[in-house]
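Participant: This is the structure I have questions about; it appears just below.
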Amino acid sequence: MIGVLGSLGSLGSTGSLGQPLPVDPTPIARPGVDWGAVAPVLVLIGGALVLMLVSSLLRSRRVTVFYTVFTCVVALGAAGAAVPLWREVNDADRGPFSTLDGAVGVDGFSTFVTFVLAAAVVLAALLIDDYLRREELDGVEAYVLLLLSATGGVIMAHANDLIVLFLGLEILSLAVYVLAAMHRRRVTSQEAGMKYFVLGAFSSAFFLYGVAMIYGGTGSTNLATILETFSTSALTDDGLILAGLALLLVGFGFKVAAVPFQFWTPDVYQGAPSPMVAWMASGVKVAGFAGLIRVFVLAFSAYSVDWQPMIFAVAVATMLVGAVLAVVQTDVKRMMAYSSISHAGYVLVGVQAASQQGVEAALFYLATYTFLVAGTFGVITLVGRKGDGLHSLDDYRGLARTRPVLALVLSLFLFAQAGVPLTSGFFAKFYVITAAVDAGSTWLAAVAMLSAVIAAFLYLRIAVSMYMADPGEEGAPQVAIPAGAAIALTLCVIVTIGAGFWPGAIAEMARDAVPVLTSLG
C-alpha cells in the first residue's frame, strides 16, 4: 500500500514518464477590491461579529443597554461609511463605479438604500431593547441577527450580478427567519418562523430557477453585461428570458409581500415578536424592492414592454387585496400586515412606470414608509405588553384616556399611511400616482386612489377604538413607555411630520439616487 501511494505521489508531481509537468508562469488573476466601496457591508458584518465575541466573554447573558447602543452605533457607522460614497457617486469627475470584477456596483441608488436600511436598524434596535427585558429573553442573538440581516440588504442594493444578489437575499432571509421565531416561550412565534422559513425556501428556489433561465438566455449573470448585450445584439431566446423574469418576480414578490405571494404575511406578522415585525415590514421590504428595481428597471429595461403588464397586474391585486382584507380583520397586527401588503402595491406602481420618475417616487415611498411602519409597530409593541399577545382591536379601547400622547402618535402614523395631507404618506402616494400618470398608466393610478379610500376605513377603525369606544371590563390599557421606544417613536414622528411639511429634503436625495449599472473599468 505504501509503495502504491508513493507511486501515485510521484506520478502526480512528475507525470507518467517521470518528466516534470509544465508550469504555467501566468499568475492567477484576482479581482481588485475597492475597500471603501464595500465599507458599509464590512462595518455591519464586522459589528455583528464583534458583538457576538464580546457577549461570549461576558459572564451574564442578561440583556444590557450596551447591546442596543452598540447596534445603533454600528448602523450609524455603516451610514457614515456610505457618506463618502454618496459624495463620490454624485461627483461629476468620478460618478458611479464598480468593484470586485463588476459584481458590486456603487451608485446613488445603492447608497440611498444603505441610509434607509441603517435607519431601520436603529429603530428596530431601540424597540427590541425593552421587548427583550419585558419578555425575559436573554442573549445578544436578536441584535446580531438584525445586523446580519441588514448586511444582506446592503449587498442586495449593491449587487451588479444575479449571484451576488441571491447571496444577499439569503443572508437577509436566514437571519429574519430566526428573528421571527425568537420568542421561545410562544408557540405562535415558533410557528411563524417555521412557516416563513418553509415558504421562503420555495421562493428562493423560484429565484434560482429564474437566474438559471436568465443565464441560459443571455449567457451571463452580470447585470451590466446583460444590459450591454441587449444594446449590441439581438437575442433569440426571448421566451427563456421572459420565463426567467417571471420566476425572479416570484422571488422578489415573496420578499415584498406582493399578491399572490403574500399568504405568509398575516400569520407571520401576527405570530412573530412585534419589534422583529417592525424590521420585516421596513428593512426587508426596502431590500426586496432594491433588488427588484435593480434587475427589472435597470438590467431588463429593454424588456419593459413585456414585464410592465406583469407588474401592473401584481400591483392592482396587491393594493386591492391588501386594503379589502385589512378592513375585515379584528387583530391589529393582522390589520397592519394587510396594510403592509397594500403599501407594497403602491411602491409597485412606481416600479411599473419604468422611468426615472417612478424610481424616485418608489425610493421616497420606501424611505418615508420605513419610519411610518416602524413607529406603528413600536406602538403595537408597547400596547401588546408582557406576553406580546394583547393585539385585538378591543385592547386599544380607551387608550387615549390613559396614554393620550401615545394614542395621538399612533393616530398620526395611521393617518399618514392613509395619505392625509401634511404627512409624509400624502407625498409618498402623490409621487407614485403622478409617476404612473406620466407613464400613461392612468388606470393603475385610479386603482391606487380607490385603494387609498378603502384603506382609510381601516385606519379610522383603530382611531375610533382609541378615542370613542368605552374601555372593556379591565379598563383602559395601562401602557409603559421605556426610553428606547420613546426615542424611536420621536424619530418616527419627526420624519413623518417633517416630510409632510418639507418633502424636498428626501425627494432631492431620491432624485440624486440615480440607479446605474457599471462594468469594471
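For the C-alpha cells, the naming scheme is as follows: chains receive sequential letters (A, B, ...) according to their order of presentation, residues are indexed from 1 within each chain, and ligands are indexed from 1 in presentation order.
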List as a PyMOL selection string the protein and nucleic acid residues near Ile433 of chain A, meaning an atom at most 8 Å away when only C-alpha atoms are counted, but skip any in the same chain fewer than 6 places from it.
Facilitator: chain A and resi 349-350+445+448
Participant: Could you give me, as a Markdown table, a per-residue list for segment 87-137 of chain A showing, wherever an atom lies at most 7 Å from an atom of segment 64-70 of chain A, the closest pair of atoms and their distance in Å to one decimal, using only C-alpha atoms and sorting by chain then residue number from low to high?
Facilitator:
| residue | atom | partner | partner_atom | distance |
| --- | --- | --- | --- | --- |
| A:Ala125 | CA | A:Thr68 | CA | 5.8 |
| A:Leu126 | CA | A:Thr68 | CA | 6.5 |
| A:Asp129 | CA | A:Thr68 | CA | 6.2 |
Participant: Residues within 7 Å of Leu363 of chain A, please, as a count of residues only. Count only C-alpha atoms; anything in the same chain fewer than 4 positions from it doesn't count.
Facilitator: 3
Participant: Neighbouring residues of Ser220 of chain A were defined as those with any atom within 9 Å, considering only C-alpha atoms; residues of the same chain fewer than 6 positions away were excluded. Please report them as a ChimeraX atom specification.
Facilitator: /A:161,214,226
Participant: Kindly indicate which residue among A:Leu169, A:Ala513, A:Thr221, A:Leu372 lies nearest to Leu85 of chain A, using only C-alpha atoms for the distances.
Facilitator: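 Answer, going by the shortest atom-to-atom distance: A:Ala513.
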Participant: Looking at only C-alpha atoms, which of A:Lys429, A:His158, A:His391, A:Arg133 is the one that sits closest to Ala362 of chain A?
Facilitator: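 The closest residue to Ala362 of chain A is A:Lys429.
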Participant: My list of candidates is A:Ala361, A:Leu137, A:Met310, A:Ala92. Which is closest to Arg511 of chain A when distances are computed with only C-alpha atoms?
Facilitator: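 With only C-alpha atoms as the atom set, the closest residue is A:Ala361.
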Participant: Show me, as a ChimeraX atom specification, the residues that have an atom within 9 Å of Thr370 of chain A when counting only C-alpha atoms, minus same-chain residues fewer than 5 positions from it.
Facilitator: /A:116-117,119-120,278-279,281-283,285-286,365,375,492
Participant: Using DSSP on the backbone coordinates, identify all residues within segment 99-230 of chain A classified as alpha helix (DSSP H); present the result as a ChimeraX atom specification.
Facilitator: /A:108-134,141-158,162-180,187-218,223-230
Participant: When distances are computed from only C-alpha atoms, which of A:Gly253, A:Pro482, A:Gly193, A:Gly387 shows the smallest separation from Val284 of chain A?
Facilitator: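 Between A:Gly253, A:Pro482, A:Gly193, A:Gly387, the residue approaching Val284 of chain A most closely is A:Gly253.
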Participant: Which polymer residues have any atom within 9 Å of an atom of Leu348 of chain A, counting only C-alpha atoms, with same-chain residues fewer than 2 positions away left out, as a list in words?
Facilitator: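 In the requested format, the answer is Ala258, Phe289, Ile311, Phe312, Val314, Ala315, Val316, Thr318, His343, Ala344, Gly345, Tyr346, Gly350, Val351, Gln352, Ala353, Ala362 and Val432 of chain A.
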Participant: With distances taken over only C-alpha atoms, which residue among A:Leu123, A:Val164, A:Leu414, A:Tyr209 lies nearest Leu489 of chain A?
Facilitator: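 Under the stated criterion, the closest residue is A:Leu123.
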Participant: Pick out the residues sitting within 10 Å of Phe263 of chain A, and hand them over as a list in words; count only C-alpha atoms, and ignore anything fewer than 4 positions along from it in its own chain.
Facilitator: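 Here the answer would be Tyr196, Leu199, Phe254, Ala257, Ala258, Val259, Asp267 and Val268 of chain A.
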Participant: For Leu410 of chain A, which residue out of A:Arg186, A:Ser274, A:Ala302, A:Tyr459 is the nearest one, using only C-alpha atoms?
Facilitator: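 Ranking A:Arg186, A:Ser274, A:Ala302, A:Tyr459 by distance to Leu410 of chain A, first place goes to A:Tyr459.
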Participant: To one decimal place, how far is atom CA of Ala192 of chain A from atom CA of Val178 of chain A in Å?
Facilitator: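 That distance, rounded to one decimal, is 9.7 Å.
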